Structure formats: C-alpha cells, structure tokens
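Participant: Quick one: the structure is below, and I'll ask about it shortly.
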Amino acid sequence: MSVGSPPPQAVFPPEFEQMWGNPLARRAVRRVRRMRRAVRRRPLLLDSVLALALLTAGLIAPGRTWYDKAAVQAPTALVVLTVLGQSVPLVWRRRAPLAVLALVLAACVVQWACWGESQRSVVGLLVAIYSLARYERLNRLFWPAPFLLAGLSVSAYRVKPFEQQPLYSLFFLCATSVAAATLALVVRARQAQLGALADRAHRLEVEREQRVQLATLAERSRVSREMHDIIGHNLAVIIGLADGASYAAANDPARGAEVLPVIAGTARQALSELRRTLSALSASALQPPAADELAPQPGLADLAALLERIQAAGPRISHRTAGDLDALPPGVQLTVYRIVQEALTNSLKHAGPATG
C-alpha cells in the first residue's frame, strides 16, 4: 500500500483538543488546521506574502526610509535593489533554496559594505538559511557555510553597532544562523518521522487487507472443494439409484419402491452437508449455529454408510480395514473419506451400476 503518499498530519492530536473545554481554544485549533491545509495547497502564495512583508519592512522602517537621503548615504536605486534582493527571491525558497540564499546573502553583503545599515536584512537572511536547511538536500547543506561566514564577517565589521565589538558580534550572528538552521533540521526530522509513521501505518493496512483477501480465497477454495465432493458424489448416487429404481419398477414394482427411501435419505444428507458448508459463507455464520447443524466432518467410521449407499445404486463393493481407525487425526480421516468418495463416484458415473 503500491504505497501511496501519506495523508497530511494534524497539528494537534484529537485527544489534546478534546481536553480543552474552552470554545475559543477549540476554535483556534480549527483555524490553525485550516491554515495548515491552505499552506499545503498554495505554498507559493504564503511565500509571496512573506516576501512582500519583508520588502515593505525594508523599504519603510521606523525613522529610516529608503528615500531619506540624510539617514541613508547611498544611491536610492542601490537601496531599492538590495532590499528587493533580500525579499523577492524568498518567493522561490522552497524550489531553489541554495540559489535563494546566494541572492539574499549577496544583497545583504552589498548593503552592509556600502553604507553599514541592515535595513531589516537580517530577517530575510535568516529565512533563507532556514529554507536551505529545511528544503535542500542534506549533502549540499554545508556548501554555502564559508560564504555565509565571510558575509557575516562583513556585517560584524561594518554594521552599527556590531562594529564596536566585531568578534562578539560575529559570534552572535553565527549562533543566530546556526539556531535558524537547527530549527529547520528539527522540523525536517519531525516531518520525516511523521511521514515514516504514516507510511508504515499505510503498509500495515495494506498487508492486513491482503491477509484478509488471502484468507477469504483460501476459505472459498476449501468450500468449493467440499461442495464438489458433496454435490458430485450425492448426485451420482441419486442418479444411479433412480436409474436402478426405474429399471426395477418395470419388473418388480416392490423392489423399485424400496429404493425410493434410499434416494430420499441420500438427498437429505446431501442437503444437510451443503447447508453446513454454505453457512460458513453466510452472515449468520457469526451467530451460534443450531444444535442440528453441529455435525462433525465425516471420517473413516462413516465409510460403511458411504459404501452402503453406493451398493444400493448397484455396484458390488468389498473393503477391508486394519488397525485402530480412531487413532488417525480428523484431517487424515476426512482426506481418506473424500478420496474413497471421489473414487466411488467416478466408478459409478463412468463404469456403470454393474461394477464389481
């Protein structure tokens, strides 16, 4: 269970939600779940909103805007380009996280080196670092580490007030970047664990369904063999008895009338065995069977009655047994009984009633 994609996981377990008696808490949980489902359906829309928010924060900051020439000693076009480079690439942070980090880091380094201001650029860089650790392949996570360290060194020596203590500032910036990457790795590991659990549950469900199907097919095969033995044998006996009765009725009507109770008894036995076999497939098999239906499977002790019914149809049969028949297991006795029954049925159908 082919194994399909696992279903999305809920934010909170249902038991945790039921523990909260506050309607506002339950409403908040439902809203978070709806938000998560919306994010799964349209991730590009969420990333676009995030990029727009960072772009707005970079262009319009409290007390320092991109058009304030006294506050920012840099060309306006360069300021706008660096802010765009720190925010717009985040729209594709899930598809190409390594390229997004390269663009955002380049824009941040240009901004830090030219006029020593951050313009909220650290937020966009942390988002790019988080996206790299969250969505990039594991064997490519350490490639940008030297370039990131070099860019953070520029920030430590150029951006106010980091330049006053550059080594401590560099350590703080590196720790913040490592924290963002660690958070992404934790989320990634949790998602992988939930996916593995969902996939395992899906496989177990498929295996359970397959075992049920195999058991059903095996039971149907067994019932089919039983029905073949019951119907084929008893119908052959009834046909042989009916033919013998019709032949005897022409010469000796009393002899023909004696065969009719044997035919009726054989038919009743066949009907009883057929009902007991088909009850295993009916819905009523889950209920306790009636007392008259609790009959054991035939064994070697029933061979005498079987041979007596066959002899009533005309063939002459002689048999011999040795040893303790009851010592054999029930399965072996049923197998021997069915083999003898099938052999006698074939002899009766193909060799005729005058077989010795």
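Letters A, B, ... go to the chains of the structure tokens in the order shown; residues in each chain start at 1; ligands are counted from 1 in the same order.
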Could you name the residues that touch Pro298 of chain A at 12 Å or less, counting only C-alpha atoms, but leaving out those on the same chain fewer than 5 positions away, as a PDB file with N, CA, C and O atoms, in the first residue's frame?
Facilitator:
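Output file selection-v1.pdb is given in full below:
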```pdb
ATOM      1  N   GLU A 226     -15.285 -28.778  -0.980  1.00  0.00           N
ATOM      2  CA  GLU A 226     -16.294 -29.505  -0.224  1.00  0.00           C
ATOM      3  C   GLU A 226     -17.588 -29.630  -1.019  1.00  0.00           C
ATOM      4  O   GLU A 226     -18.224 -30.696  -1.049  1.00  0.00           O
ATOM      5  N   ASP A 229     -17.264 -32.255  -3.711  1.00  0.00           N
ATOM      6  CA  ASP A 229     -17.362 -33.620  -3.186  1.00  0.00           C
ATOM      7  C   ASP A 229     -18.796 -33.968  -2.800  1.00  0.00           C
ATOM      8  O   ASP A 229     -19.291 -35.064  -3.086  1.00  0.00           O
ATOM      9  N   ILE A 230     -19.477 -33.023  -2.145  1.00  0.00           N
ATOM     10  CA  ILE A 230     -20.835 -33.303  -1.665  1.00  0.00           C
ATOM     11  C   ILE A 230     -21.811 -33.444  -2.819  1.00  0.00           C
ATOM     12  O   ILE A 230     -22.531 -34.449  -2.955  1.00  0.00           O
ATOM     13  N   GLN A 269     -29.203 -36.071   3.235  1.00  0.00           N
ATOM     14  CA  GLN A 269     -27.835 -35.973   3.721  1.00  0.00           C
ATOM     15  C   GLN A 269     -27.037 -34.958   2.906  1.00  0.00           C
ATOM     16  O   GLN A 269     -26.274 -34.157   3.453  1.00  0.00           O
ATOM     17  N   GLU A 273     -25.350 -31.538   4.448  1.00  0.00           N
ATOM     18  CA  GLU A 273     -23.936 -31.219   4.294  1.00  0.00           C
ATOM     19  C   GLU A 273     -23.743 -29.923   3.515  1.00  0.00           C
ATOM     20  O   GLU A 273     -22.852 -29.113   3.827  1.00  0.00           O
ATOM     21  N   LEU A 303     -17.344 -44.640   6.570  1.00  0.00           N
ATOM     22  CA  LEU A 303     -17.164 -45.334   5.288  1.00  0.00           C
ATOM     23  C   LEU A 303     -18.218 -46.421   5.084  1.00  0.00           C
ATOM     24  O   LEU A 303     -18.633 -46.676   3.942  1.00  0.00           O
ATOM     25  N   ALA A 304     -18.631 -47.063   6.153  1.00  0.00           N
ATOM     26  CA  ALA A 304     -19.622 -48.134   5.999  1.00  0.00           C
ATOM     27  C   ALA A 304     -20.932 -47.594   5.435  1.00  0.00           C
ATOM     28  O   ALA A 304     -21.526 -48.188   4.513  1.00  0.00           O
ATOM     29  N   ALA A 305     -21.397 -46.445   5.969  1.00  0.00           N
ATOM     30  CA  ALA A 305     -22.628 -45.848   5.444  1.00  0.00           C
ATOM     31  C   ALA A 305     -22.450 -45.387   4.014  1.00  0.00           C
ATOM     32  O   ALA A 305     -23.358 -45.506   3.182  1.00  0.00           O
ATOM     33  N   LEU A 306     -21.250 -44.874   3.679  1.00  0.00           N
ATOM     34  CA  LEU A 306     -20.976 -44.450   2.304  1.00  0.00           C
ATOM     35  C   LEU A 306     -21.027 -45.640   1.349  1.00  0.00           C
ATOM     36  O   LEU A 306     -21.643 -45.569   0.269  1.00  0.00           O
ATOM     37  N   PRO A 330      -8.288 -36.222  12.722  1.00  0.00           N
ATOM     38  CA  PRO A 330      -9.522 -35.957  11.952  1.00  0.00           C
ATOM     39  C   PRO A 330      -9.253 -35.492  10.535  1.00  0.00           C
ATOM     40  O   PRO A 330      -9.999 -35.842   9.616  1.00  0.00           O
ATOM     41  N   GLY A 331      -8.174 -34.698  10.338  1.00  0.00           N
ATOM     42  CA  GLY A 331      -7.871 -34.232   8.987  1.00  0.00           C
ATOM     43  C   GLY A 331      -7.518 -35.366   8.054  1.00  0.00           C
ATOM     44  O   GLY A 331      -7.931 -35.391   6.888  1.00  0.00           O
ATOM     45  N   VAL A 332      -6.742 -36.343   8.549  1.00  0.00           N
ATOM     46  CA  VAL A 332      -6.375 -37.504   7.728  1.00  0.00           C
ATOM     47  C   VAL A 332      -7.608 -38.350   7.427  1.00  0.00           C
ATOM     48  O   VAL A 332      -7.795 -38.836   6.294  1.00  0.00           O
ATOM     49  N   GLN A 333      -8.477 -38.530   8.409  1.00  0.00           N
ATOM     50  CA  GLN A 333      -9.702 -39.307   8.178  1.00  0.00           C
ATOM     51  C   GLN A 333     -10.594 -38.632   7.136  1.00  0.00           C
ATOM     52  O   GLN A 333     -11.167 -39.316   6.269  1.00  0.00           O
ATOM     53  N   LEU A 334     -10.723 -37.309   7.215  1.00  0.00           N
ATOM     54  CA  LEU A 334     -11.535 -36.602   6.212  1.00  0.00           C
ATOM     55  C   LEU A 334     -10.927 -36.749   4.825  1.00  0.00           C
ATOM     56  O   LEU A 334     -11.652 -36.946   3.830  1.00  0.00           O
ATOM     57  N   THR A 335      -9.597 -36.683   4.720  1.00  0.00           N
ATOM     58  CA  THR A 335      -8.941 -36.825   3.418  1.00  0.00           C
ATOM     59  C   THR A 335      -9.178 -38.208   2.829  1.00  0.00           C
ATOM     60  O   THR A 335      -9.504 -38.351   1.644  1.00  0.00           O
ATOM     61  N   VAL A 336      -9.014 -39.258   3.656  1.00  0.00           N
ATOM     62  CA  VAL A 336      -9.261 -40.630   3.172  1.00  0.00           C
ATOM     63  C   VAL A 336     -10.721 -40.799   2.762  1.00  0.00           C
ATOM     64  O   VAL A 336     -11.028 -41.419   1.732  1.00  0.00           O
ATOM     65  N   TYR A 337     -11.621 -40.254   3.551  1.00  0.00           N
ATOM     66  CA  TYR A 337     -13.049 -40.354   3.235  1.00  0.00           C
ATOM     67  C   TYR A 337     -13.348 -39.696   1.887  1.00  0.00           C
ATOM     68  O   TYR A 337     -14.079 -40.262   1.052  1.00  0.00           O
ATOM     69  N   ARG A 338     -12.780 -38.493   1.649  1.00  0.00           N
ATOM     70  CA  ARG A 338     -13.046 -37.798   0.380  1.00  0.00           C
ATOM     71  C   ARG A 338     -12.421 -38.545  -0.794  1.00  0.00           C
ATOM     72  O   ARG A 338     -12.992 -38.563  -1.904  1.00  0.00           O
ATOM     73  N   ILE A 339     -11.242 -39.143  -0.587  1.00  0.00           N
ATOM     74  CA  ILE A 339     -10.619 -39.904  -1.693  1.00  0.00           C
ATOM     75  C   ILE A 339     -11.480 -41.108  -2.064  1.00  0.00           C
ATOM     76  O   ILE A 339     -11.745 -41.368  -3.253  1.00  0.00           O
ATOM     77  N   VAL A 340     -11.930 -41.866  -1.070  1.00  0.00           N
ATOM     78  CA  VAL A 340     -12.793 -43.023  -1.342  1.00  0.00           C
ATOM     79  C   VAL A 340     -14.103 -42.558  -1.977  1.00  0.00           C
ATOM     80  O   VAL A 340     -14.623 -43.194  -2.918  1.00  0.00           O
ATOM     81  N   GLN A 341     -14.659 -41.473  -1.484  1.00  0.00           N
ATOM     82  CA  GLN A 341     -15.919 -40.955  -2.028  1.00  0.00           C
ATOM     83  C   GLN A 341     -15.756 -40.553  -3.491  1.00  0.00           C
ATOM     84  O   GLN A 341     -16.607 -40.865  -4.335  1.00  0.00           O
TER      85      GLN A 341
END
```
Participant: Please, which residues of segment 43-236 of chain A, numbered as in this document, come out alpha helix (DSSP H) from DSSP, as a ChimeraX atom specification?
Facilitator: /A:43-59,76-87,97-115,121-135,145-158,166-236
Participant: DSSP on the backbone, then: every residue of segment 42-269 of chain A marked strand (DSSP E), written as JSON, numbers by chain.
Facilitator: {"A": [60, 61, 64, 65]}
Participant: Contacts of segment 80-82 of chain A at 7 Å or less, counting only C-alpha atoms, minus same-chain residues fewer than 5 places along, as a PyMOL selection string?
Facilitator: chain A and resi 107-108+111
Participant: Any idea what's packed within 10 Å of segment 145-159 of chain A, counting only C-alpha atoms, ignoring anything in its chain fewer than 6 positions away? Could you give it as a PyMOL selection string?
Facilitator: chain A and resi 101-102+105-106+108-118+122+125+129+165-174+177
Participant: Generate a file of the selected residues that holds C-alpha atoms, formatted as a short mmCIF file (atom, residue, chain, number, x, y, z; two decimals), in the first residue's frame.
Facilitator:
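Below you can see part28.cif, which holds the result:
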```cif
data_model
loop_
_atom_site.label_atom_id
_atom_site.label_comp_id
_atom_site.auth_asym_id
_atom_site.auth_seq_id
_atom_site.Cartn_x
_atom_site.Cartn_y
_atom_site.Cartn_z
CA LEU A 101 20.38 32.02 -0.11
CA ALA A 102 23.09 33.11 -2.56
CA LEU A 105 23.43 36.93 1.02
CA ALA A 106 24.85 38.89 -1.93
CA CYS A 108 22.97 41.77 2.30
CA VAL A 109 26.75 41.97 1.77
CA VAL A 110 26.33 44.83 -0.70
CA GLN A 111 24.10 46.70 1.73
CA TRP A 112 26.40 46.10 4.71
CA ALA A 113 29.55 47.06 2.82
CA CYS A 114 28.20 50.19 1.12
CA TRP A 115 26.53 52.09 3.94
CA GLY A 116 26.72 49.93 7.05
CA GLU A 117 22.99 49.59 7.59
CA SER A 118 20.92 46.44 7.82
CA VAL A 122 18.94 40.00 8.80
CA LEU A 125 18.83 36.15 5.57
CA ILE A 129 19.11 29.97 5.99
CA GLN A 165 32.86 44.58 19.15
CA PRO A 166 33.24 42.65 15.87
CA LEU A 167 34.30 39.30 17.34
CA TYR A 168 31.40 39.14 19.77
CA SER A 169 29.07 40.34 17.02
CA LEU A 170 30.36 37.67 14.63
CA PHE A 171 29.82 35.01 17.27
CA PHE A 172 26.28 36.27 17.88
CA LEU A 173 25.47 36.31 14.15
CA CYS A 174 26.89 32.81 13.64
CA SER A 177 22.31 31.46 11.89
#
```
